[in-house]
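Working notes, structure below.
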Amino acid sequence: MAKRRKLLLRRPKTSKTVNQIPGTMTYVGHKELTETKLDVIDYNLESFERYTSNSPEDAFKFVDEERVTWFNIDGLNNIKDIEKLGEYYELHPLVMEDIVNTGQRPKIEEYQDYLFVVAKMLYYKNGDIENEHISMIVGKNYILTFQESNGDVFDPVRERIETSKGRIRGRSADYLMFALLDSIIDNYFLVIDDMSDRIEALEESLFTSKPSDDITYEIQDLKRNILRIRRAVFPLREVISRLEKLENDLIDPKTSNYIRDLYDHIIQISENIEIYREMIWGLMDMYMTTISNRMNEVMKVLTIMASIFIPLTFIAGIYGMNFEYIPELQWKYSYFVLWGIMIIIFLLMLYYFKRKKWL
Amino acid sequence: MAKRRKLLLRRPKTSKTVNQIPGTMTYVGHKELTETKLDVIDYNLESFERYTSNSPEDAFKFVDEERVTWFNIDGLNNIKDIEKLGEYYELHPLVMEDIVNTGQRPKIEEYQDYLFVVAKMLYYKNGDIENEHISMIVGKNYILTFQESNGDVFDPVRERIETSKGRIRGRSADYLMFALLDSIIDNYFLVIDDMSDRIEALEESLFTSKPSDDITYEIQDLKRNILRIRRAVFPLREVISRLEKLENDLIDPKTSNYIRDLYDHIIQISENIEIYREMIWGLMDMYMTTISNRMNEVMKVLTIMASIFIPLTFIAGIYGMNFEYIPELQWKYSYFVLWGIMIIIFLLMLYYFKRKKWL
Amino acid sequence: MAKRRKLLLRRPKTSKTVNQIPGTMTYVGHKELTETKLDVIDYNLESFERYTSNSPEDAFKFVDEERVTWFNIDGLNNIKDIEKLGEYYELHPLVMEDIVNTGQRPKIEEYQDYLFVVAKMLYYKNGDIENEHISMIVGKNYILTFQESNGDVFDPVRERIETSKGRIRGRSADYLMFALLDSIIDNYFLVIDDMSDRIEALEESLFTSKPSDDITYEIQDLKRNILRIRRAVFPLREVISRLEKLENDLIDPKTSNYIRDLYDHIIQISENIEIYREMIWGLMDMYMTTISNRMNEVMKVLTIMASIFIPLTFIAGIYGMNFEYIPELQWKYSYFVLWGIMIIIFLLMLYYFKRKKWL
Amino acid sequence: MAKRRKLLLRRPKTSKTVNQIPGTMTYVGHKELTETKLDVIDYNLESFERYTSNSPEDAFKFVDEERVTWFNIDGLNNIKDIEKLGEYYELHPLVMEDIVNTGQRPKIEEYQDYLFVVAKMLYYKNGDIENEHISMIVGKNYILTFQESNGDVFDPVRERIETSKGRIRGRSADYLMFALLDSIIDNYFLVIDDMSDRIEALEESLFTSKPSDDITYEIQDLKRNILRIRRAVFPLREVISRLEKLENDLIDPKTSNYIRDLYDHIIQISENIEIYREMIWGLMDMYMTTISNRMNEVMKVLTIMASIFIPLTFIAGIYGMNFEYIPELQWKYSYFVLWGIMIIIFLLMLYYFKRKKWL
Amino acid sequence: MAKRRKLLLRRPKTSKTVNQIPGTMTYVGHKELTETKLDVIDYNLESFERYTSNSPEDAFKFVDEERVTWFNIDGLNNIKDIEKLGEYYELHPLVMEDIVNTGQRPKIEEYQDYLFVVAKMLYYKNGDIENEHISMIVGKNYILTFQESNGDVFDPVRERIETSKGRIRGRSADYLMFALLDSIIDNYFLVIDDMSDRIEALEESLFTSKPSDDITYEIQDLKRNILRIRRAVFPLREVISRLEKLENDLIDPKTSNYIRDLYDHIIQISENIEIYREMIWGLMDMYMTTISNRMNEVMKVLTIMASIFIPLTFIAGIYGMNFEYIPELQWKYSYFVLWGIMIIIFLLMLYYFKRKKWL
C-alpha cells in the first residue's frame, strides 16, 4: 500500500489561490527552496559570460542591447525576489501572478515589449515523473525563465551556448526561446517512451501474473498519468501553433522554420499520447477477459471433479444402505462388478469432458 | 437509504414555467426567502458607503454618474420587488424573466445600455454543493446582482472594496463585474478539488471495502455531479470568451487583460472536469474488475474444498458399503493404509493447486 | 410481454414514400382522421374572431392585410383539402410533400412570400409520449399550421389571443410563429422531466428489485426514447438558430430578442438530453455491477455451505466405513470427541470466512 | 455455419488494383456479365424513344441538342465497350478508371463539359442487401449511367419518363440526374427500415432464446452491416451537399430546390443510421446482462440445492458412523425425531432463500 | 511466447534524438546498411538511363534541365553520404534532420526551390508488416527519395519508366512524385486487406476455439496495429490534401487531377481503417460474451449433476444410518421401492431442467 499512498499524494494540484485579489502572487506548488537562485548567461557571437547569484539586483548590470542575456531563476516561493525582477522589466501584475501560479496551464501572451510563455517541464527525477511549472519572458535581447526548483532540462542548451556549438550564439533571443522549448519537448519524448514501456510491462503481467487488484490499480494509475501528461502537452501544442503564426518583431522570420519543426515534434508526441491512451483504455478490457478466462478454468476444475465423483459417491451410498433385503449385497462378485461399473462411468465422464474441450 | 433519498431530491430542475407568456417572471427554484434583501455598495476612489434595506425604492437615491453602485438583491421569490428595479432600469421583459428563472443556463446578452450576464454559483453549504442561479446587470456606473438566497461567494470582493485593497476602488463597473465573476470561478476550484478527493476516496474503497451496491450508487452519483458541474461551467466558458471579444463601451480595454486571465482559469477548470470525468467513467470498470477478482477468490475456495474432499468422501463411501465380500475390509491394516492413501491424495491436490497459483 | 409489444409497435417510422414522383403528397403517419378540421383565428389589436369548419375554402374570406390570420389544419390524411390550401397560397410542390410527410425532420426554408417551418410536437396523451409532425407556413399576415390529429400544445396561445393577454394581439404573424414554437419547446421540458423521473426510478429499482431481463429491456427502451427525443430536438435547434440569423422582411427585428430566448431554451433542453443520455448509458454498467454483486453473494453462500459441510461429511464418512479394525470405533468417548472436533472445525471455518469479510 | 460462411464471403472489397498505371481501367467487382447491355432512353416534352443494344456505337446516333438522352450501361467487366463510350464523350482517363473501380467511394467531380457522380445503390436481391457501384456522367443534354449488373432501382424513373408523369419530360438532364439520385436514396430507406426490423427481432430473441454464440455473431454482423451502409451513405451526403452549392451551367437553378429536398432525405437517413448504430452497440451490453442474469439463475439453483442437502447429508452421515457408543442410536424414536429435525432445517433454509428473494 | 516477444520488439519508436542541436542528423531506425546505395534513373520522352553507385558524388553529372532525374538513396545510417547530397542541393538543415529521423510523421513543406515530402511505406516482408520511413525532395527536374533499406514499393514505377508505359516519361518531376506516392498508397490497400483477413479469422476462432489469453492478446495486437497504420495514413491524407491545394510552380496543373485521385484513394483507406477499428474494438466485447457463454455452459453441467445427485445421495445416506428402529429397513420391498422413488426424482429433475432449456 506504500506505493499507492505515494501516488495519491502526487495528485494534480488544481487550486489557484481562491479569493485573492487578481494579480496577487502566491506560490501554490510543493517545491520550496530556501533561497532563490539566479543564473545569468550573457553571450553574443564573440563572447560568453556566466554568473550565479542569490540576489536578482546583481543581474541588471548585464542588460545590454548588443548581447543576449538569459536570466534563469530557480525557486518560486520567494515572491519578493521575483517581484524585483518584475518591476525592473515592467511585467504586468497578471504575468507576475502566473509565473508563480503552478496551476496555470501552458499559454502564450503578447505584451508590448515581451512575449510571455508558460510551459510544463516533464522529466525524471529519482525514477518518478516530475511535473514542473516553467515560465518565460522573451524580450528583445533577453529571456527570463522561472522554474520551481533546481535542476532542469536546459543543460544541453547551456552547453551549446558555452561551447559555441550550433547556431545558437549567432542568433538573438527568439532562437534561444526556441532552443529552450525544444529542450522541454525533447524530454516529453522520454516520458512518453516510458509510458510505452509501462504499458507493455503491464500487458505482459496481465497474462503471466495472478489476477489481483494491484493490476486494476496500476491501469487506473496509467490512465491518470496519461491524462496528466496530456494536460501538459496539448495546451503547449496550441502555444507552439500560435507562435508559428505570430507576427511580432520579437520573432525573426529565420526562426520560424525551427518553430515549425517544434510543432512537428509536439504533434508527434500528441499522436503518441492518443495511441497510448487507447491502449491503456483497452487494458481494462483485456484484464476483464483474462480474469474471466481464469474463472472459467476454476469452474471447469470444480465441475469436472464434482460431476465425476458425485454420481460415484451416490452409487457407493446406495450399497451402504442397511435394508435387510438388498439382493446384490450377497452376491460374491458384486463388489468387483461395482468397481468395474464405476471405472466405466469415470472413463465416460472423462471422454465427455474431453469432447467438450474442457480438458 | 436516507442518503440516497436526499440525493434524489436534489435532482436538476429543468422546468422553466411551461406554457406561460414569454417574459412572465416566475421563480422556479427551491429557495424561498420571506423578504427580499437589498444590499447597496456605493464607492469611488475616495469614499465608500454601504446600505442595507428590504425595499428596492430606497436604493435609487444612490445612482450617481461619478460613483460605482453595486446593488445586490437576495431572494428571487418576491417578484414585485424585482419588477420595480426592472422598471427603474428599463430592463427588457425577457431579462426580467431570466433573472428569476433558475433553469436559465449561463449566458451573456448585450442590450442598449447594459450587459446581462447569467452564471451559476457553486459553493459549499453544510457540506453539500449548492448550485445557485445568479444574474448581473452591468451598466455604465452600476451593477445589479440577483441571487436566490442569502450568503454568497462575494464577501472577499466586498472586503476589498471596503478596505480599498487592490485595484477595485479606482476602476469602473466593468472591473467590478470581473471581480465578481472571478469570485464565482474561484469557488469552482474548491468544488472541483472536492470532486478529486471523492474520486480518490472511492478508488481506495474499491480495493479495501466489501463489494456492495453502495459503491455502484456512489459512482453513478459522482457521474451525475460532474455532469451537473460541467453544465454550470461550460456555458460560462463561452460567456467569458464572448466577454473577451466584446467591443462595447461598457468594457474598458484595460479590463480585458483581466478577462483573459478569467478565461485561463475557466479553461483550467474545464480541463480538470474532463479529466475527472474520464476518471469517474473508469471507476465503474475498475469496480467490475475488483468484483470479478473477489468472485474468482470465492470460486477458488469452493473449488479447492470440493476438489479435495469430494474424492476422499467417495473413497470413504466405498468402504461404507455393505457387500458381504469386500476383501480389504478384513485385512488388519486396511484402515491405516487407506488413511495413507487419502493423505497422499490430499497432498497431491494441494501441490496441483499450488502449481496453478490458486493458493 | 404486452408492454413490450406496444413499444415495438411505436417504432420510428423512417419511410418516406419510396419511388414516388418528388412532390407527391402521401401521408405516411398512423393518425387517420375521418375529416380534416380547419380552425381559423383572425385578430388584430382591437378585435378577435374564431371560426371552425371542415372545408378549407371557407377560410379564404378571412385573408386581410390589416389582420393576422392563423389557419390551423388538423388531419393530414385528406390530401385534397390540403392541396386546395396549397394552391391558394401558391405553395411549392415540395413544401406540400413535406407537410404530409411525417418522416420529414425539423427544418426551415425561405420562399419568396413565406417561411416554411417543420417541427415535431412531443406531448403526453394517455400517459405515452406522442410524437406529432407539425408544419407552419409563415406569411406576411397569416400563418398556416398543419397537424396530424386533434389536440395540440397550442391552447395557451389561443387563450392568450382570445383574452388579449400578453403582447401577442399587437404583433404581427412572426410573433405568433414565435409563440407557437415556444409552446412546442415548452412541452419538451415536460417530456424531458419525465425522462429524468424514469431514470431515477430505474436507478432505484436496480438496487432494490431482483435482477431480471425487464430491467435490461427498460434501459434499452430509455435509450431508444432519448435518441428519438434527440432526433426531434436537435434539428429544431438548428432551425431556431437559423431563424435568429435570418434577414427576412417577414421577421420583425423586435421579435428577434424573443427568438434568442427560444434558442436559449432549446439549448437548455439539448444539454439535458445529453446529460440524461450519459446517465442512461451509465445505467447498463450499473446494472452489470449489481448483477455481479448478486452473483457474488450467491456464490458466497454456496462456498460457505459447501466448505463447511463437505469436510465434516468426509469425517463422518470415515467412521461409517466397515473395516474390521478401526481402533477409534471401540473407544467409548470417540463419538463425543468427534463431535467436539467437528464443532471446532466448524468454528474455525466461520472465523476464516469472517476474516475474509464474506459473512 | 453455412450462414456465417456466406456473410464472410460478402466482405467489403477494398482493393483497387494495386500497382497499375493510374487511369488503367480494371473491374474489381464480383458481378461479371457476358455482355454489356446498353439501354438508351431519348426524350423531350413531345416524344419518347427507347432503344436497347449490346454495342455502344449504336447509341451515338441519339445525340441531339434538343432532346435529353439517357444511356444506361449494365456490366462493367467488358472494358472495351466502356472505353468506346469514354472516347466518344472525351472522358478523362481517371474518370474511366473510377467507372469500373467498384472500390471507389461516392464523389462528385466537375469537368469541362460534364459532371461525374459516383454513388452506391443499396437494394434487395434474393433477400440480401446488394451493394452496387454506380457512376453517372451528366452532360448538357445527356446522362450516362454505368452499373455492375442488370436490375436497378431506376424503373420508376423510366416509367415516369415513358408515361410522361410528373415534371421529368419537360426538364433537362440535370433534373434526370436528380430523379436518378432520388431513386437511389429512396432505396436506402428500405434498407434502413430492414435494419430496424433486424435490430428489434434480435432484441426480442435476446430475452426469449437460450444464450448462444449465434447471437453474438448476429450482433457483430449487424455492426458490420451498419458500418457498410454508412460508408455508402455518408460520402453521398457530401456529394449532395456539394451539388446543392455547385455553380455550374449544367444545373438549372429550378432544380436546386429538388436537390435541397434530396439533401433533406439523405440527412434523415444519416440520422437513422446513427441511431441504429447506437442501438446495435447497446445490444452487446444488453446481451451481456441477459447472459449474466441466466448465470445468476443457474447459480441460484445450484446454491439452493447444495445448501439444503449438503447439511442434511452430513447429519445422515453422522448416524451412519459405526462407533460402538452412540447413545441416540438405541433410542426408539431417534429416527423419527431426526426426520423432524431435518424437515425443520429444510423449511428454515427455504424461508432464508425466500427472504433473500432467490426463490 | 516466442510470437509475443517479437511483437513487443516491433513497438513504435517515438524517440527523436533527445537533447541534440536542432538540425543534427541522427538515424534512429533499426535498419542499418553497410553502405548507402544510390540508384539514379534519368529520362525524358526519348531516352532512359539507369545508373547504380555507392557514392553520391557520381550522381551529380546527371543533373540536366531537359531531363527528369530520380535519385533513390537506400540506407539512412551513413549520414555523410546524405550530407553531401544535401549540400549539393542546398537543403535546409531541418530537412536533412527529418530525412534520417525515422520518427518524423508524414508531412509536406514548401521551400524556395523544392518540396519536401515525408511518408511511410507499409509493405510485406517475410510475412510481417514493415513500416519504413521515406522522404522525397521534389525539385524542378529532379526527385530525391531516401529510404531506410533496400527493397521498396517503387518497382512498378521503375518498370513503367523503363518500358515507357503510361504517361510517365512525357511528364515532369511532379508527375513522378505522384506516381511514387501512388505506389506507396497502393500498398496500403494490401496491408488494409490483410487486417480485414486477420479480423475475420479472429472472429471465426472466437467461436470455434477454446477461450484462452492468446485471443485477448491477438485482439490487443490488432488494436496496436490498426493504430500504427492509422498513424502512417492519416497525416499522409493531410499531406495529399495540401498537395492538392498547393499553388506552386513545381506542380503542373495537369497533375492536379491525378493528385485528387490520390486523395480519393487515401480517403478510401482512412474509411476502411475506421471501420476495421470499430470492428476490432467490437471483438473484445464479442470475446467477453463467448467466454460468458462458455462459463454458462460449464455452470449448467455442474448444477445439473449436483442438483440431481445430491438429493439422491442424501436419501441413500438416510438408509445408511444405524438407528436400531428404522421401520422401513425391515420391509422386504423397501430397496426396490426406493429405487423407484429415486428414478422418479431423477426424471422430474430432468424434466425441470428441460423446461428451463438448460438441456
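Quick note on naming: the chains in the C-alpha cells go A, B, ... in the order shown, residues restart at 1 in each chain, and ligands are numbered from 1 in order of appearance.
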Practice task
Output the contact residues of chain D with respect to chain B at a cut-off of 12 Å, based on only C-alpha atoms, as a PyMOL selection string.
Solution key: chain D and resi 299+303+306+310+313-314+317+320-322
Problem - Within 9 Å of D:Tyr123 using only C-alpha atoms, minus same-chain residues under 6 positions, as a PyMOL selection string - result: chain D and resi 129-132+152-153+184+187-188+190-191
Based on the selection just made, write N, CA, C and O atoms of those residues as an mmCIF file, in the first residue's frame.
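Result file selection32.cif:
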```cif
data_model
loop_
_atom_site.group_PDB
_atom_site.id
_atom_site.type_symbol
_atom_site.label_atom_id
_atom_site.label_comp_id
_atom_site.auth_asym_id
_atom_site.auth_seq_id
_atom_site.Cartn_x
_atom_site.Cartn_y
_atom_site.Cartn_z
ATOM 1 N N ILE D 129 -28.906 -7.744 -48.966
ATOM 2 C CA ILE D 129 -28.614 -6.378 -49.376
ATOM 3 C C ILE D 129 -27.528 -6.426 -50.448
ATOM 4 O O ILE D 129 -26.460 -6.996 -50.236
ATOM 5 N N GLU D 130 -27.821 -5.862 -51.569
ATOM 6 C CA GLU D 130 -26.856 -5.797 -52.656
ATOM 7 C C GLU D 130 -26.241 -4.395 -52.673
ATOM 8 O O GLU D 130 -26.953 -3.399 -52.606
ATOM 9 N N ASN D 131 -24.933 -4.324 -52.700
ATOM 10 C CA ASN D 131 -24.224 -3.043 -52.778
ATOM 11 C C ASN D 131 -23.640 -2.923 -54.163
ATOM 12 O O ASN D 131 -22.738 -3.665 -54.523
ATOM 13 N N GLU D 132 -24.157 -1.981 -54.953
ATOM 14 C CA GLU D 132 -23.696 -1.901 -56.346
ATOM 15 C C GLU D 132 -23.143 -0.527 -56.669
ATOM 16 O O GLU D 132 -23.727 0.502 -56.335
ATOM 17 N N ASP D 152 -31.921 -2.665 -61.499
ATOM 18 C CA ASP D 152 -31.522 -1.488 -60.743
ATOM 19 C C ASP D 152 -32.739 -0.898 -60.073
ATOM 20 O O ASP D 152 -33.784 -1.538 -59.982
ATOM 21 N N VAL D 153 -32.559 0.291 -59.535
ATOM 22 C CA VAL D 153 -33.641 0.938 -58.799
ATOM 23 C C VAL D 153 -34.294 2.036 -59.633
ATOM 24 O O VAL D 153 -35.062 2.835 -59.122
ATOM 25 N N ILE D 184 -32.108 6.282 -55.979
ATOM 26 C CA ILE D 184 -31.080 5.592 -55.198
ATOM 27 C C ILE D 184 -31.333 5.811 -53.709
ATOM 28 O O ILE D 184 -31.330 4.873 -52.906
ATOM 29 N N ASN D 187 -34.244 4.057 -52.053
ATOM 30 C CA ASN D 187 -33.997 2.665 -51.703
ATOM 31 C C ASN D 187 -33.189 2.515 -50.426
ATOM 32 O O ASN D 187 -33.257 1.476 -49.767
ATOM 33 N N TYR D 188 -32.426 3.538 -50.072
ATOM 34 C CA TYR D 188 -31.748 3.496 -48.770
ATOM 35 C C TYR D 188 -32.766 3.377 -47.647
ATOM 36 O O TYR D 188 -32.519 2.720 -46.639
ATOM 37 N N LEU D 190 -35.520 1.829 -47.600
ATOM 38 C CA LEU D 190 -35.962 0.432 -47.448
ATOM 39 C C LEU D 190 -34.911 -0.381 -46.688
ATOM 40 O O LEU D 190 -35.228 -1.160 -45.791
ATOM 41 N N VAL D 191 -33.655 -0.170 -47.067
ATOM 42 C CA VAL D 191 -32.579 -0.927 -46.431
ATOM 43 C C VAL D 191 -32.495 -0.581 -44.946
ATOM 44 O O VAL D 191 -32.331 -1.442 -44.084
#
```
Practice task
Within 9 Å of B:Val118, counting only C-alpha atoms, which residues show up once you throw out same-chain ones fewer than 2 positions away? Write them as a PyMOL selection string, please.
Solution key: chain B and resi 98-99+104-109+116+120+133-137+236+239
Problem - stretch 212-217 of chain B environment, 12 Å, only C-alpha atoms, sequence neighbours closer than 6 positions dropped, as a PyMOL selection string - result: (chain B and resi 1+3-5+7-8+198-199+201-206+223-224+280-281+283-288+290-291+294) or (chain C and resi 200+203-208+282-297+358)
Exercise for the section: List the neighbours of B:Ala173 out to 8 Å using only C-alpha atoms; skip same-chain residues closer than 5 positions along the sequence, and give me the result as a VMD selection string. Expected result: chain B and resid 68 to 69 138 to 143
Problem - Who sits within 8 Å of B:Ile192, only C-alpha atoms, same chain under 5 positions skipped, as a list in words - result: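 Skipping anything fewer than 5 positions along the chain leaves Ile269, Asn272 and Ile273 of chain B.
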For the residues selected in the previous step, produce a file with all heavy atoms as a compact mmCIF listing (two decimals), in the first residue's frame.
```
# COMPACT_ATOMS: atom_id res chain seq x y z
N ILE B 269 -10.33 24.91 -15.30
CA ILE B 269 -11.38 24.15 -14.63
C ILE B 269 -12.01 23.14 -15.59
O ILE B 269 -12.23 21.98 -15.23
CB ILE B 269 -12.46 25.10 -14.06
CG1 ILE B 269 -11.87 25.90 -12.89
CG2 ILE B 269 -13.69 24.35 -13.61
CD1 ILE B 269 -12.69 27.10 -12.50
N ASN B 272 -9.88 20.15 -16.01
CA ASN B 272 -9.98 19.27 -14.86
C ASN B 272 -11.27 18.49 -14.86
O ASN B 272 -11.29 17.30 -14.54
CB ASN B 272 -9.84 20.08 -13.57
CG ASN B 272 -8.39 20.37 -13.25
OD1 ASN B 272 -7.57 19.47 -13.29
ND2 ASN B 272 -8.09 21.61 -13.00
N ILE B 273 -12.35 19.16 -15.20
CA ILE B 273 -13.64 18.47 -15.24
C ILE B 273 -13.56 17.30 -16.21
O ILE B 273 -13.98 16.18 -15.90
CB ILE B 273 -14.76 19.45 -15.66
CG1 ILE B 273 -15.06 20.40 -14.50
CG2 ILE B 273 -16.03 18.69 -16.06
CD1 ILE B 273 -16.05 21.50 -14.84
```
